[in-house]
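Quick look at entry_6.cif (mmCIF, C-alpha atoms):
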```
data_start
#
loop_
_atom_site.label_atom_id
_atom_site.label_comp_id
_atom_site.auth_asym_id
_atom_site.auth_seq_id
_atom_site.Cartn_x
_atom_site.Cartn_y
_atom_site.Cartn_z
CA MET A 1 103.76 70.46 80.08
CA TYR A 2 106.43 73.03 79.31
CA ILE A 3 108.49 74.29 82.26
CA GLU A 4 110.66 77.34 81.95
CA ILE A 5 113.30 78.43 84.46
CA ASP A 6 114.39 82.07 84.48
CA ASP A 7 117.92 82.34 85.91
CA SER A 8 117.67 86.12 86.10
CA SER A 9 114.51 86.06 88.22
CA GLN A 10 114.54 87.08 91.88
CA ILE A 11 112.31 84.09 92.61
CA PRO A 12 114.34 81.06 93.77
CA ILE A 13 114.51 78.31 91.14
CA TYR A 14 112.82 75.69 93.32
CA LEU A 15 109.88 78.07 93.77
CA GLN A 16 109.66 78.85 90.05
CA LEU A 17 109.45 75.11 89.44
CA ALA A 18 106.89 74.51 92.19
CA ASN A 19 104.78 77.47 91.01
CA GLN A 20 104.73 76.13 87.46
CA ILE A 21 103.58 72.72 88.62
CA ILE A 22 100.81 74.38 90.65
CA LYS A 23 99.92 76.39 87.55
CA GLY A 24 99.80 73.13 85.57
CA ILE A 25 97.37 71.69 88.11
CA ALA A 26 95.27 74.85 88.13
CA HIS A 27 95.03 74.76 84.34
CA GLN A 28 94.36 71.02 84.25
CA GLU A 29 97.52 70.31 82.29
CA LEU A 30 98.56 68.09 85.19
CA LEU A 31 95.86 65.81 86.55
CA PRO A 32 95.51 64.03 89.89
CA TYR A 33 97.45 60.72 89.96
CA GLU A 34 99.59 61.80 87.01
CA ALA A 35 103.23 60.74 87.41
CA LEU A 36 105.93 63.39 87.60
CA PRO A 37 109.46 62.78 86.29
CA SER A 38 112.05 61.66 88.83
CA GLY A 39 114.11 64.42 90.44
CA ARG A 40 117.13 63.28 88.45
CA THR A 41 115.33 63.29 85.09
CA LEU A 42 113.66 66.66 85.60
CA ALA A 43 116.91 68.20 86.86
CA GLY A 44 118.67 66.94 83.75
CA ASP A 45 115.93 68.23 81.42
CA LEU A 46 115.90 71.68 83.01
CA GLY A 47 119.66 71.90 83.52
CA ILE A 48 119.29 72.51 87.24
CA ASN A 49 120.48 70.75 90.39
CA MET A 50 118.64 67.62 91.52
CA HIS A 51 118.45 69.02 95.07
CA THR A 52 116.57 72.01 93.67
CA VAL A 53 113.97 69.69 92.11
CA ASN A 54 113.73 67.77 95.39
CA LYS A 55 113.22 71.03 97.27
CA ALA A 56 110.38 71.94 94.89
CA TYR A 57 108.85 68.48 95.35
CA HIS A 58 109.03 68.79 99.15
CA TYR A 59 107.40 72.21 98.96
CA LEU A 60 104.59 70.76 96.83
CA GLU A 61 104.27 67.72 99.08
CA ASP A 62 103.92 69.94 102.18
CA ARG A 63 101.07 71.77 100.45
CA ARG A 64 99.41 68.53 99.31
CA PHE A 65 99.82 69.23 95.61
CA ILE A 66 101.91 66.14 95.00
CA GLN A 67 102.49 62.81 96.72
CA VAL A 68 106.01 61.44 96.91
CA GLN A 69 106.18 57.67 97.16
CA PRO A 70 109.56 56.23 98.19
CA LYS A 71 109.80 53.69 95.36
CA SER A 72 107.44 54.69 92.59
CA GLY A 73 108.23 58.43 92.60
CA ALA A 74 106.07 61.53 92.66
CA ILE A 75 102.50 61.87 91.42
CA ILE A 76 100.04 64.74 91.39
CA HIS A 77 98.13 64.47 94.67
CA PRO A 78 94.71 62.78 94.34
CA ASP A 79 93.30 65.83 96.19
CA ALA A 80 95.43 68.42 94.41
CA VAL A 81 92.20 70.05 93.27
CA ARG A 82 90.07 70.36 96.39
CA THR A 83 88.00 72.69 98.52
CA ALA A 84 90.25 74.96 100.59
CA THR A 85 90.44 74.26 104.32
CA PRO A 86 90.04 77.24 106.69
CA LYS A 87 93.82 77.04 107.33
CA GLU A 88 94.55 77.11 103.59
CA LEU A 89 92.27 80.13 103.21
CA GLU A 90 94.09 81.83 106.08
CA THR A 91 97.48 81.13 104.47
CA LEU A 92 96.31 82.53 101.13
CA LYS A 93 95.10 85.66 102.89
CA GLU A 94 98.44 86.06 104.65
CA ARG A 95 100.26 85.76 101.35
CA LEU A 96 97.93 88.22 99.64
CA ALA A 97 98.14 90.86 102.39
CA PRO A 98 101.64 92.26 101.66
CA ILE A 99 100.89 92.45 97.93
CA ILE A 100 97.66 94.29 98.62
CA ASP A 101 99.47 96.70 100.96
CA GLU A 102 102.01 97.38 98.25
CA ALA A 103 99.23 97.86 95.70
CA ARG A 104 97.63 100.34 98.03
CA CYS A 105 100.88 102.37 98.26
CA LEU A 106 100.87 102.33 94.45
CA GLN A 107 97.34 103.77 94.64
CA LEU A 108 95.64 100.84 92.96
CA SER A 109 91.96 100.58 93.70
CA THR A 110 90.45 97.26 94.72
CA ASP A 111 88.84 97.16 91.27
CA THR A 112 92.21 97.51 89.56
CA ILE A 113 93.61 94.70 91.72
CA TYR A 114 90.61 92.61 90.73
CA GLN A 115 91.42 93.39 87.12
CA LEU A 116 95.05 92.30 87.63
CA ILE A 117 93.79 89.02 89.05
CA LYS A 118 91.50 88.48 86.10
CA GLU A 119 94.48 89.10 83.82
CA SER A 120 96.80 86.73 85.69
CA GLU A 121 94.07 84.10 85.50
CA SER A 122 93.95 84.28 81.74
CA ASN A 123 97.75 84.26 81.38
CA ASP A 124 98.12 80.68 80.23
CA MET B 1 103.97 102.11 114.74
CA TYR B 2 104.02 98.68 116.30
CA ILE B 3 106.19 96.07 114.57
CA GLU B 4 105.88 92.42 115.42
CA ILE B 5 108.30 89.69 114.36
CA ASP B 6 107.10 86.10 114.31
CA ASP B 7 110.05 83.74 114.78
CA SER B 8 107.94 80.73 113.90
CA SER B 9 106.81 82.16 110.54
CA GLN B 10 108.05 80.72 107.23
CA ILE B 11 108.49 84.29 105.99
CA PRO B 12 112.09 85.50 106.47
CA ILE B 13 112.44 88.08 109.25
CA TYR B 14 113.76 90.82 106.95
CA LEU B 15 110.68 90.39 104.76
CA GLN B 16 108.30 90.45 107.72
CA LEU B 17 109.89 93.74 108.75
CA ALA B 18 109.80 95.19 105.22
CA ASN B 19 106.17 94.09 104.75
CA GLN B 20 105.14 95.77 107.98
CA ILE B 21 106.77 99.03 106.98
CA ILE B 22 104.95 98.85 103.61
CA LYS B 23 101.75 98.16 105.54
CA GLY B 24 102.48 101.22 107.70
CA ILE B 25 102.83 103.33 104.56
CA ALA B 26 99.68 101.86 103.02
CA HIS B 27 97.71 102.66 106.18
CA GLN B 28 99.25 106.13 106.51
CA GLU B 29 100.85 105.31 109.83
CA LEU B 30 104.18 106.11 108.21
CA LEU B 31 104.23 109.25 106.10
CA PRO B 32 106.58 110.39 103.32
CA TYR B 33 109.74 112.05 104.73
CA GLU B 34 109.18 110.45 108.14
CA ALA B 35 112.44 109.29 109.72
CA LEU B 36 112.96 105.61 110.45
CA PRO B 37 115.05 104.40 113.38
CA SER B 38 118.68 103.52 112.63
CA GLY B 39 119.37 99.88 111.82
CA ARG B 40 121.10 99.47 115.18
CA THR B 41 118.22 100.98 117.19
CA LEU B 42 115.50 99.04 115.40
CA ALA B 43 117.48 95.79 115.67
CA GLY B 44 117.87 96.37 119.40
CA ASP B 45 114.18 97.18 119.86
CA LEU B 46 113.06 94.08 117.94
CA GLY B 47 115.75 91.79 119.30
CA ILE B 48 116.97 90.90 115.82
CA ASN B 49 120.27 91.21 113.98
CA MET B 50 121.26 94.61 112.61
CA HIS B 51 122.08 93.00 109.25
CA THR B 52 118.49 91.78 109.05
CA VAL B 53 117.22 95.33 109.48
CA ASN B 54 119.69 96.55 106.87
CA LYS B 55 118.49 93.83 104.48
CA ALA B 56 114.90 95.00 104.99
CA TYR B 57 115.95 98.61 104.42
CA HIS B 58 117.73 97.67 101.18
CA TYR B 59 114.67 95.76 100.00
CA LEU B 60 112.51 98.82 100.70
CA GLU B 61 115.03 101.16 99.09
CA ASP B 62 115.08 99.03 95.92
CA ARG B 63 111.29 99.34 95.74
CA ARG B 64 111.36 103.11 96.40
CA PHE B 65 109.47 102.86 99.68
CA ILE B 66 112.30 104.38 101.70
CA GLN B 67 115.33 106.53 101.03
CA VAL B 68 118.59 105.73 102.79
CA GLN B 69 120.87 108.71 103.25
CA PRO B 70 124.44 107.90 104.24
CA LYS B 71 124.62 110.29 107.19
CA SER B 72 121.11 111.19 108.25
CA GLY B 73 119.63 107.69 108.06
CA ALA B 74 116.50 106.28 106.46
CA ILE B 75 113.27 108.13 105.74
CA ILE B 76 110.02 107.10 104.12
CA HIS B 77 110.45 107.86 100.42
CA PRO B 78 108.86 111.15 99.31
CA ASP B 79 107.14 109.12 96.56
CA ALA B 80 106.33 106.11 98.73
CA VAL B 81 102.67 106.69 97.86
CA ARG B 82 102.56 107.10 94.11
CA THR B 83 100.92 105.97 90.91
CA ALA B 84 102.23 102.54 89.87
CA THR B 85 104.54 102.43 86.86
CA PRO B 86 103.80 99.81 84.17
CA LYS B 87 106.81 97.84 85.48
CA GLU B 88 105.45 97.96 89.04
CA LEU B 89 102.07 96.76 87.79
CA GLU B 90 103.79 93.92 85.94
CA THR B 91 105.72 92.90 89.07
CA LEU B 92 102.53 92.91 91.15
CA LYS B 93 100.85 90.71 88.57
CA GLU B 94 103.78 88.30 88.60
CA ARG B 95 103.60 88.07 92.37
CA LEU B 96 99.83 87.57 92.33
CA ALA B 97 99.87 84.86 89.66
CA PRO B 98 101.16 81.91 91.76
CA ILE B 99 98.75 82.75 94.58
CA ILE B 100 95.87 82.87 92.13
CA ASP B 101 96.93 79.54 90.62
CA GLU B 102 96.99 78.02 94.08
CA ALA B 103 93.58 79.54 94.85
CA ARG B 104 92.26 77.98 91.67
CA CYS B 105 93.50 74.52 92.74
CA LEU B 106 91.67 75.15 96.01
CA GLN B 107 88.56 75.85 93.92
CA LEU B 108 88.18 79.45 94.99
CA SER B 109 86.14 81.56 92.61
CA THR B 110 87.41 84.97 91.53
CA ASP B 111 84.69 86.45 93.73
CA THR B 112 85.97 84.59 96.78
CA ILE B 113 89.49 85.81 96.04
CA TYR B 114 88.09 89.32 95.76
CA GLN B 115 86.47 88.80 99.15
CA LEU B 116 89.81 87.66 100.63
CA ILE B 117 91.41 90.83 99.30
CA LYS B 118 88.69 92.98 100.83
CA GLU B 119 89.31 91.22 104.12
CA SER B 120 93.10 91.62 104.00
CA GLU B 121 92.55 95.30 103.25
CA SER B 122 90.52 95.81 106.40
CA ASN B 123 93.00 93.85 108.56
CA ASP B 124 94.60 96.80 110.29
#
```
Rewritten as structure tokens:
Amino acid sequence: MYIEIDDSSQIPIYLQLANQIIKGIAHQELLPYEALPSGRTLAGDLGINMHTVNKAYHYLEDRRFIQVQPKSGAIIHPDAVRTATPKELETLKERLAPIIDEARCLQLSTDTIYQLIKESESND
Amino acid sequence: MYIEIDDSSQIPIYLQLANQIIKGIAHQELLPYEALPSGRTLAGDLGINMHTVNKAYHYLEDRRFIQVQPKSGAIIHPDAVRTATPKELETLKERLAPIIDEARCLQLSTDTIYQLIKESESND
């Protein structure tokens, strides 16, 4: 899987990395139980700090997208693809809300937002 | 307009504040040209740091939701409610993408996401 870090982005690097791993899972490029590179290796490959990779891994671990095992390293969580819990649904809604508010200021109809979603879904 | 800051939230305080002002604009509780309190006043009212309010105001100014005038203070931007530019549409799509990827891992259909959006829209 190809990971790209954009230094000029406003999104913190650890989050860019985490988002791309989630994208990999969503698009079945990364499968449950699949091993991830060690923090050191991935940091070296991407030319970023190892702590940044570790931060991304912690973020993904908190959200149950990966499992970090002290000795054998990180793997894609066995339940990375799962049915959302009510709490996960609530969190998604909370994250969507400010974007939807902004879209409303920009006079986008719900249908246009739906269209944007369709387009981001097909952006592989 | 009632603004509520949640100290226990993972969302930075400046962003909570900015998001609520955008929500106020989206719901027409804050109208173009309307004056906002000074950074000092709002900070005092909310019990937060004045620099945090200023950071929120800068964030909103960058996105053309408010106008900050050196002497007379901040007002809601005359064009706060406007037609999205292609760049603004692109930014919205970029912000939606990681949430949609996550929703896909959580096996939410596009229709369910649409439903979530409808619900966040009616969350006044």
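Here CA of Ser120 in chain B stands at a distance of 27.1 Å from CA of Pro37 in chain B.
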*Quick one: of A:Ile22, A:Pro78, A:Ser8, A:Gln67, who's nearest to chain B, counting all atoms listed in the file?*
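Closest candidate: A:Ile22.
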Considering all atoms listed in the file, tabulate each residue of chain A that lies at most 8 Å from chain B along with its nearest interatomic pair and the corresponding distance in Å to one decimal; arrange the rows by chain and ascending residue number and present them as a tab-separated table.
```
residue	atom	partner	partner_atom	distance
A:Asn19	CA	B:Pro98	CA	5.8
A:Ile22	CA	B:Glu102	CA	6.3
A:Lys23	CA	B:Asp101	CA	5.3
A:Ile25	CA	B:Cys105	CA	6.7
A:Ala26	CA	B:Cys105	CA	4.9
A:Ala80	CA	B:Cys105	CA	6.6
A:Val81	CA	B:Cys105	CA	4.7
A:Arg82	CA	B:Leu106	CA	5.1
A:Thr83	CA	B:Leu106	CA	5.1
A:Ala84	CA	B:Leu106	CA	4.8
A:Leu92	CA	B:Ile99	CA	7.0
A:Lys93	CA	B:Leu116	CA	6.1
A:Glu94	CA	B:Ser120	CA	7.7
A:Arg95	CA	B:Ile99	CA	7.6
A:Leu96	CA	B:Ile117	CA	7.0
A:Ala97	CA	B:Ser120	CA	5.3
A:Pro98	CA	B:Asn19	CA	5.8
A:Ile99	CA	B:Leu92	CA	7.0
A:Ile100	CA	B:Glu121	CA	7.0
A:Asp101	CA	B:Lys23	CA	5.3
A:Glu102	CA	B:Ile22	CA	6.3
A:Ala103	CA	B:Leu92	CA	7.5
A:Arg104	CA	B:Ala26	CA	5.6
A:Cys105	CA	B:Val81	CA	4.7
A:Leu106	CA	B:Ala84	CA	4.8
A:Gln107	CA	B:Thr83	CA	5.6
A:Leu108	CA	B:Ala84	CA	7.5
A:Thr110	CA	B:Lys118	CA	7.7
A:Tyr114	CA	B:Tyr114	CA	6.5
A:Leu116	CA	B:Lys93	CA	6.1
A:Ile117	CA	B:Leu96	CA	7.0
A:Lys118	CA	B:Thr110	CA	7.7
A:Ser120	CA	B:Ala97	CA	5.4
A:Glu121	CA	B:Ile100	CA	7.0
```
*In Å to one decimal, how far is CA of Ser38 in chain B from CA of Lys71 in chain B?*
10.5 Å
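Taking CA of Pro70 in chain A as the reference point, CA of Leu42 in chain A is found at 16.9 Å.
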*Evaluate the PyMOL selection byres ((chain B and resi 1) around 8) and report residues as a PyMOL selection string*: chain B and resi 2-3+24+29-30
*Find the residue from A:Leu31, A:Thr112, A:Gly47, A:His58 that sits nearest to His77 in chain A; use all atoms listed in the file when measuring.*
A:Leu31
What are the centre and edge lengths in Å, to one decimal, of the axis-aligned box around all listed atoms of range 28-36 of chain B with 8 Å added on each side, as AutoDock Vina command-line options?
```
--center_x 106.1 --center_y 108.7 --center_z 106.9 --size_x 29.7 --size_y 22.7 --size_z 23.1
```
_Residue nearest Tyr57 in chain A - candidates A:Ile13, A:Ile5, A:Ala43, A:Ala74, atoms counted: all atoms listed in the file_ = A:Ala74
Could N, CA, C and O atoms be built for range 54-68 of chain A and written out as a PDB file, in the frame of the given file?
```
ATOM      1  N   ASN A  54     114.234  68.399  94.155  1.00  0.00           N
ATOM      2  CA  ASN A  54     113.730  67.770  95.390  1.00  0.00           C
ATOM      3  C   ASN A  54     113.128  68.794  96.336  1.00  0.00           C
ATOM      4  O   ASN A  54     112.118  68.526  96.983  1.00  0.00           O
ATOM      5  N   LYS A  55     113.743  69.971  96.398  1.00  0.00           N
ATOM      6  CA  LYS A  55     113.220  71.030  97.270  1.00  0.00           C
ATOM      7  C   LYS A  55     111.825  71.458  96.793  1.00  0.00           C
ATOM      8  O   LYS A  55     110.912  71.661  97.590  1.00  0.00           O
ATOM      9  N   ALA A  56     111.686  71.585  95.457  1.00  0.00           N
ATOM     10  CA  ALA A  56     110.380  71.940  94.890  1.00  0.00           C
ATOM     11  C   ALA A  56     109.354  70.852  95.219  1.00  0.00           C
ATOM     12  O   ALA A  56     108.217  71.145  95.607  1.00  0.00           O
ATOM     13  N   TYR A  57     109.765  69.590  95.075  1.00  0.00           N
ATOM     14  CA  TYR A  57     108.850  68.480  95.350  1.00  0.00           C
ATOM     15  C   TYR A  57     108.436  68.461  96.825  1.00  0.00           C
ATOM     16  O   TYR A  57     107.268  68.216  97.141  1.00  0.00           O
ATOM     17  N   HIS A  58     109.381  68.749  97.720  1.00  0.00           N
ATOM     18  CA  HIS A  58     109.030  68.790  99.150  1.00  0.00           C
ATOM     19  C   HIS A  58     108.035  69.916  99.436  1.00  0.00           C
ATOM     20  O   HIS A  58     107.084  69.759 100.190  1.00  0.00           O
ATOM     21  N   TYR A  59     108.286  71.056  98.807  1.00  0.00           N
ATOM     22  CA  TYR A  59     107.400  72.210  98.960  1.00  0.00           C
ATOM     23  C   TYR A  59     105.984  71.836  98.516  1.00  0.00           C
ATOM     24  O   TYR A  59     104.996  72.133  99.186  1.00  0.00           O
ATOM     25  N   LEU A  60     105.891  71.151  97.374  1.00  0.00           N
ATOM     26  CA  LEU A  60     104.590  70.760  96.830  1.00  0.00           C
ATOM     27  C   LEU A  60     103.941  69.662  97.672  1.00  0.00           C
ATOM     28  O   LEU A  60     102.712  69.618  97.807  1.00  0.00           O
ATOM     29  N   GLU A  61     104.779  68.796  98.234  1.00  0.00           N
ATOM     30  CA  GLU A  61     104.270  67.720  99.080  1.00  0.00           C
ATOM     31  C   GLU A  61     103.680  68.318 100.371  1.00  0.00           C
ATOM     32  O   GLU A  61     102.583  67.926 100.798  1.00  0.00           O
ATOM     33  N   ASP A  62     104.399  69.272 100.955  1.00  0.00           N
ATOM     34  CA  ASP A  62     103.920  69.940 102.180  1.00  0.00           C
ATOM     35  C   ASP A  62     102.551  70.574 101.956  1.00  0.00           C
ATOM     36  O   ASP A  62     101.735  70.629 102.862  1.00  0.00           O
ATOM     37  N   ARG A  63     102.332  71.082 100.754  1.00  0.00           N
ATOM     38  CA  ARG A  63     101.070  71.770 100.450  1.00  0.00           C
ATOM     39  C   ARG A  63     100.034  70.844  99.809  1.00  0.00           C
ATOM     40  O   ARG A  63      99.035  71.306  99.275  1.00  0.00           O
ATOM     41  N   ARG A  64     100.328  69.539  99.839  1.00  0.00           N
ATOM     42  CA  ARG A  64      99.410  68.530  99.310  1.00  0.00           C
ATOM     43  C   ARG A  64      99.054  68.739  97.831  1.00  0.00           C
ATOM     44  O   ARG A  64      97.926  68.506  97.416  1.00  0.00           O
ATOM     45  N   PHE A  65     100.033  69.160  97.049  1.00  0.00           N
ATOM     46  CA  PHE A  65      99.820  69.230  95.610  1.00  0.00           C
ATOM     47  C   PHE A  65     100.417  68.020  94.897  1.00  0.00           C
ATOM     48  O   PHE A  65     100.018  67.702  93.781  1.00  0.00           O
ATOM     49  N   ILE A  66     101.399  67.404  95.542  1.00  0.00           N
ATOM     50  CA  ILE A  66     101.910  66.140  95.000  1.00  0.00           C
ATOM     51  C   ILE A  66     102.054  65.138  96.141  1.00  0.00           C
ATOM     52  O   ILE A  66     101.997  65.520  97.322  1.00  0.00           O
ATOM     53  N   GLN A  67     102.212  63.869  95.766  1.00  0.00           N
ATOM     54  CA  GLN A  67     102.490  62.810  96.720  1.00  0.00           C
ATOM     55  C   GLN A  67     103.816  62.185  96.308  1.00  0.00           C
ATOM     56  O   GLN A  67     103.978  61.861  95.129  1.00  0.00           O
ATOM     57  N   VAL A  68     104.733  62.065  97.253  1.00  0.00           N
ATOM     58  CA  VAL A  68     106.010  61.440  96.910  1.00  0.00           C
ATOM     59  C   VAL A  68     106.034  60.045  97.529  1.00  0.00           C
ATOM     60  O   VAL A  68     105.890  59.892  98.742  1.00  0.00           O
TER      61      VAL A  68
END
```
